[in-house]
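Q: Just dropping this structure here.
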2 protein chains.
Amino acid sequence: MGYSIKTIAQKSGLSQYTLRYYEREGVLPVVARDVNGNRCFDDEDLELISLICCLKDTGMAIADIKQFIALSKEGSDALSDQCRLLQEHKQHIEEKIQFFQSFAQKIDHKIAYFSSLANEAKAANS
Amino acid sequence: MGYSIKTIAQKSGLSQYTLRYYEREGVLPVVARDVNGNRCFDDEDLELISLICCLKDTGMAIADIKQFIALSKEGSDALSDQCRLLQEHKQHIEEKIQFFQSFAQKIDHKIAYFSSLANEAKAANS
DNA sequence: TTAGACCTTAGAGTTAGGTGTAAGTCAATA
DNA sequence: TATTGACTTACACCTAACTCTAAGGTCTAA
């Protein structure tokens, strides 16, 4: 009979607050309700939430995710737009990976430099 | 005779507001002043700012950068601590790279899936 | 039949990280 | 000498992304 918000919070790693906030903001499409008005998530929702987390954690702003999700409501006409957005975002991720790799190197150099200073200081003290 | 805040803003890509904010917050060590009380940056400052940007852009929080910078004031005793912090942060960066790579893949799968849906829709329309 | 666990909404509060404004100092220039 | 432009401080304001609170509804087990 679908998942409660508590279950989805556990499965997704998002808090219940965040899930409600996402629905309110249109980051999540409106979630189905049971007879008591309680949210009733299904596996498709869970899959979508996983994609949303993936986009968010790779640096996509909430507002942009919202736009992406809004396209889902327009059906198959919008599929190519959704593809384009994903492709653009993938480009960003790849740039970030490059960037992070070069920064990891830079930090490596710093570590080497700091180590040599630390060793000098040790030698001077002995 | 050193660089003005304007020059450093241009060279670093940070705004003057941000540079002042960083100094205020202790993210930057206190900057030297000229006879008029104006900030007077040198190449060492510029080098440090570049490291700070690198740490920030790879996801280190301002508060943690501040801690790292504070250790600089303790001289050579703190060098090994600074090394350790950098090493830990490099670890984080490498995890992030992994993470981003796996997410890029996931997004690739999504793109393939959305493309196939888009093609189906096109075929159905023709 | 009441206690406890779960859910709901509306709306306020928080945090990080800036960004902008106001009022003033100083030095060079028309 | 008056104005222009760059700088200063103190402090207020802003945005994104949550996070919490209050007040209440519903279900289940003792």
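Residues in the structure tokens are named by chain (A, B, ... in the order shown) and by number from 1 within that chain; ligands are numbered from 1 in the order shown.
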For DT4 of chain D, list every protein, DNA or RNA residue within 10 Å, evaluated using only C-alpha atoms (C1' of nucleotides), and leave out those in the same chain fewer than 6 positions away; present the list as a VMD selection string.
A: chain C and resid 28 to 30
Q: Distance table requested - chain B against chain A, cut-off 6 Å, only C-alpha atoms: one row per qualifying residue with the closest atom pair and its distance in Å to one decimal, ordered by chain and rising residue number, as a Markdown table.
A:
```
| residue | atom | partner | partner_atom | distance |
| --- | --- | --- | --- | --- |
| B:Leu79 | CA | A:Ala118 | CA | 5.5 |
| B:Cys83 | CA | A:Ile111 | CA | 5.6 |
| B:Lys90 | CA | A:Ala104 | CA | 5.9 |
| B:Ile97 | CA | A:Ile97 | CA | 5.8 |
| B:Ala104 | CA | A:Lys90 | CA | 5.9 |
| B:Ile111 | CA | A:Cys83 | CA | 5.5 |
| B:Ala118 | CA | A:Leu79 | CA | 5.5 |
```
Q: Those same residues, written as an mmCIF file, in the first residue's frame with N, CA, C and O atoms?
A:
```
data_model
loop_
_atom_site.group_PDB
_atom_site.id
_atom_site.type_symbol
_atom_site.label_atom_id
_atom_site.label_comp_id
_atom_site.auth_asym_id
_atom_site.auth_seq_id
_atom_site.Cartn_x
_atom_site.Cartn_y
_atom_site.Cartn_z
ATOM 1 N N LEU B 79 52.624 22.756 11.843
ATOM 2 C CA LEU B 79 52.745 22.316 10.442
ATOM 3 C C LEU B 79 52.196 20.914 10.218
ATOM 4 O O LEU B 79 51.543 20.651 9.215
ATOM 5 N N CYS B 83 49.225 19.722 7.769
ATOM 6 C CA CYS B 83 49.377 18.617 6.823
ATOM 7 C C CYS B 83 48.236 17.624 6.961
ATOM 8 O O CYS B 83 47.648 17.193 5.965
ATOM 9 N N LYS B 90 41.939 16.181 1.223
ATOM 10 C CA LYS B 90 42.213 15.534 -0.064
ATOM 11 C C LYS B 90 41.437 14.224 -0.174
ATOM 12 O O LYS B 90 40.904 13.887 -1.230
ATOM 13 N N ILE B 97 35.147 12.824 -6.024
ATOM 14 C CA ILE B 97 35.411 12.496 -7.431
ATOM 15 C C ILE B 97 34.760 11.155 -7.776
ATOM 16 O O ILE B 97 34.055 11.029 -8.780
ATOM 17 N N ALA B 104 27.658 10.622 -12.652
ATOM 18 C CA ALA B 104 27.697 10.926 -14.086
ATOM 19 C C ALA B 104 27.189 9.710 -14.859
ATOM 20 O O ALA B 104 26.428 9.842 -15.820
ATOM 21 N N ILE B 111 19.768 9.449 -19.288
ATOM 22 C CA ILE B 111 19.723 10.084 -20.613
ATOM 23 C C ILE B 111 19.343 9.030 -21.659
ATOM 24 O O ILE B 111 18.472 9.264 -22.513
ATOM 25 N N ALA B 118 11.750 9.125 -25.777
ATOM 26 C CA ALA B 118 11.506 10.190 -26.750
ATOM 27 C C ALA B 118 11.361 9.596 -28.150
ATOM 28 O O ALA B 118 10.489 10.003 -28.926
#
```
Q: Please report as a tab-separated table (two decimals) with N, CA and C atoms (P, O5', C5', C4', C3', O3' and C1' of nucleotides), in the first residue's frame which residues of chain D come no farther than 9 Å from chain B, using only C-alpha atoms (C1' of nucleotides).
A:
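For reference, iface_6.tsv as written:
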```tsv
chain	number	residue	atom	x	y	z
D	6	DA	P	37.47	54.09	-8.74
D	6	DA	O5'	38.30	53.62	-7.48
D	6	DA	C5'	39.69	53.92	-7.38
D	6	DA	C4'	40.11	53.78	-5.93
D	6	DA	C3'	39.56	52.50	-5.27
D	6	DA	O3'	40.62	51.73	-4.71
D	6	DA	C1'	39.14	54.41	-3.93
D	7	DC	P	40.34	50.31	-4.13
D	7	DC	O5'	40.09	50.60	-2.58
D	7	DC	C5'	41.20	50.81	-1.73
D	7	DC	C4'	40.79	51.61	-0.53
D	7	DC	C3'	40.03	50.85	0.56
D	7	DC	O3'	40.93	50.07	1.32
D	7	DC	C1'	39.30	53.12	0.32
D	8	DT	P	40.32	49.00	2.31
D	8	DT	O5'	39.63	49.86	3.47
D	8	DT	C5'	40.46	50.53	4.43
D	8	DT	C4'	39.60	51.26	5.43
D	8	DT	C3'	38.57	50.40	6.13
D	8	DT	O3'	39.18	49.69	7.20
D	8	DT	C1'	37.60	52.46	5.48
```
Q: Each residue of chain C with at least one atom at most 12 Å from chain B should appear once, together with its nearest atom pair and the corresponding distance in Å (one decimal); atoms considered: only C-alpha atoms (C1' of nucleotides); ordering: chain, then increasing residue number; output as a Markdown table.
A:
```
| residue | atom | partner | partner_atom | distance |
| --- | --- | --- | --- | --- |
| C:DA16 | C1' | B:Ile62 | CA | 8.5 |
| C:DG17 | C1' | B:Ile62 | CA | 8.2 |
| C:DG18 | C1' | B:Thr18 | CA | 6.7 |
| C:DT19 | C1' | B:Tyr17 | CA | 6.9 |
| C:DG20 | C1' | B:Tyr17 | CA | 9.0 |
| C:DT25 | C1' | B:Asn36 | CA | 8.5 |
| C:DC26 | C1' | B:Asn36 | CA | 7.1 |
| C:DA27 | C1' | B:Asn36 | CA | 9.8 |
```
Q: Store the residues picked out above, limited to N, CA, C and O atoms (P, O5', C5', C4', C3', O3' and C1' of nucleotides), as an mmCIF file, in the first residue's frame.
A:
```cif
data_model
loop_
_atom_site.group_PDB
_atom_site.id
_atom_site.type_symbol
_atom_site.label_atom_id
_atom_site.label_comp_id
_atom_site.auth_asym_id
_atom_site.auth_seq_id
_atom_site.Cartn_x
_atom_site.Cartn_y
_atom_site.Cartn_z
ATOM 1 P P DA C 16 26.519 27.835 10.481
ATOM 2 O "O5'" DA C 16 26.683 28.009 8.921
ATOM 3 C "C5'" DA C 16 26.309 26.959 8.043
ATOM 4 C "C4'" DA C 16 26.546 27.435 6.626
ATOM 5 C "C3'" DA C 16 27.863 28.185 6.437
ATOM 6 O "O3'" DA C 16 28.442 27.715 5.237
ATOM 7 C "C1'" DA C 16 26.046 29.568 5.769
ATOM 8 P P DG C 17 29.920 28.175 4.858
ATOM 9 O "O5'" DG C 17 29.622 29.417 3.918
ATOM 10 C "C5'" DG C 17 28.867 29.217 2.724
ATOM 11 C "C4'" DG C 17 28.584 30.570 2.119
ATOM 12 C "C3'" DG C 17 29.806 31.520 2.105
ATOM 13 O "O3'" DG C 17 29.950 32.086 0.819
ATOM 14 C "C1'" DG C 17 27.925 32.593 2.961
ATOM 15 P P DG C 18 31.387 32.729 0.461
ATOM 16 O "O5'" DG C 18 31.375 34.150 1.227
ATOM 17 C "C5'" DG C 18 31.079 35.355 0.549
ATOM 18 C "C4'" DG C 18 29.615 35.438 0.147
ATOM 19 C "C3'" DG C 18 29.288 36.714 -0.595
ATOM 20 O "O3'" DG C 18 28.535 36.414 -1.755
ATOM 21 C "C1'" DG C 18 27.872 36.452 1.311
ATOM 22 P P DT C 19 28.582 37.378 -3.020
ATOM 23 O "O5'" DT C 19 27.747 38.663 -2.553
ATOM 24 C "C5'" DT C 19 26.333 38.620 -2.592
ATOM 25 C "C4'" DT C 19 25.760 39.938 -2.120
ATOM 26 C "C3'" DT C 19 26.407 41.195 -2.740
ATOM 27 O "O3'" DT C 19 25.351 41.866 -3.374
ATOM 28 C "C1'" DT C 19 26.153 41.444 -0.396
ATOM 29 P P DG C 20 25.606 43.213 -4.212
ATOM 30 O "O5'" DG C 20 25.044 44.323 -3.201
ATOM 31 C "C5'" DG C 20 23.777 44.107 -2.587
ATOM 32 C "C4'" DG C 20 23.521 45.184 -1.552
ATOM 33 C "C3'" DG C 20 23.952 46.584 -1.989
ATOM 34 O "O3'" DG C 20 22.809 47.442 -1.844
ATOM 35 C "C1'" DG C 20 24.802 46.088 0.172
ATOM 36 P P DT C 25 35.785 62.127 8.595
ATOM 37 O "O5'" DT C 25 36.961 61.283 7.918
ATOM 38 C "C5'" DT C 25 37.501 60.139 8.594
ATOM 39 C "C4'" DT C 25 38.598 59.553 7.708
ATOM 40 C "C3'" DT C 25 39.655 60.568 7.291
ATOM 41 O "O3'" DT C 25 40.933 59.971 7.477
ATOM 42 C "C1'" DT C 25 38.757 59.509 5.379
ATOM 43 P P DC C 26 42.233 60.944 7.468
ATOM 44 O "O5'" DC C 26 42.728 60.826 5.955
ATOM 45 C "C5'" DC C 26 43.108 59.533 5.459
ATOM 46 C "C4'" DC C 26 43.265 59.615 3.960
ATOM 47 C "C3'" DC C 26 44.147 60.753 3.451
ATOM 48 O "O3'" DC C 26 45.298 60.129 2.911
ATOM 49 C "C1'" DC C 26 42.214 60.440 2.097
ATOM 50 P P DA C 27 46.578 61.059 2.529
ATOM 51 O "O5'" DA C 27 46.523 61.034 0.933
ATOM 52 C "C5'" DA C 27 46.280 59.787 0.269
ATOM 53 C "C4'" DA C 27 46.167 60.033 -1.224
ATOM 54 C "C3'" DA C 27 47.069 61.131 -1.779
ATOM 55 O "O3'" DA C 27 47.546 60.676 -3.037
ATOM 56 C "C1'" DA C 27 44.821 61.669 -2.244
#
```
Q: If you run DSSP on the backbone here, which positions in chain A get helix (DSSP H, G or I)? Please write them as number ranges by chain.
A: A: 5-12, 16-25, 43-57, 62-72, 75-125
Q: Find the spatial neighbours of Ala70 of chain B, counting only C-alpha atoms (C1' of nucleotides), within a cut-off of 10 Å - ignore same-chain residues fewer than 4 positions away - and output them as a ChimeraX atom specification.
A: /B:26-29,64-66,74-75,78,82
Q: Skip DT14 of chain C itself and residues of its chain fewer than 4 positions away, then list as a list in words all residues within 9 Å of it, counting only C-alpha atoms (C1' of nucleotides).
A: DC18, DT19 and DC20 of chain D
Q: Using N, CA and C atoms (P, O5', C5', C4', C3', O3' and C1' of nucleotides), can you export the residues from the last selection as a CSV table (one decimal), in the first residue's frame?
A:
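Resulting contents of selection.csv:
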```
chain,number,residue,atom,x,y,z
D,18,DC,P,18.2,21.0,0.9
D,18,DC,O5',16.8,21.2,1.5
D,18,DC,C5',16.5,20.8,2.9
D,18,DC,C4',17.2,21.7,3.9
D,18,DC,C3',17.0,21.3,5.3
D,18,DC,O3',18.2,21.3,6.0
D,18,DC,C1',16.4,23.6,5.1
D,19,DT,P,18.5,20.3,7.2
D,19,DT,O5',17.5,20.8,8.3
D,19,DT,C5',17.9,21.9,9.2
D,19,DT,C4',16.7,22.3,10.1
D,19,DT,C3',16.0,21.1,10.8
D,19,DT,O3',16.3,21.2,12.2
D,19,DT,C1',14.5,22.8,10.1
D,20,DC,P,15.8,20.2,13.3
D,20,DC,O5',14.6,21.1,14.0
D,20,DC,C5',14.9,22.5,14.3
D,20,DC,C4',13.6,23.2,14.6
D,20,DC,C3',12.6,22.4,15.5
D,20,DC,O3',12.6,23.2,16.7
D,20,DC,C1',11.5,23.4,13.6
```
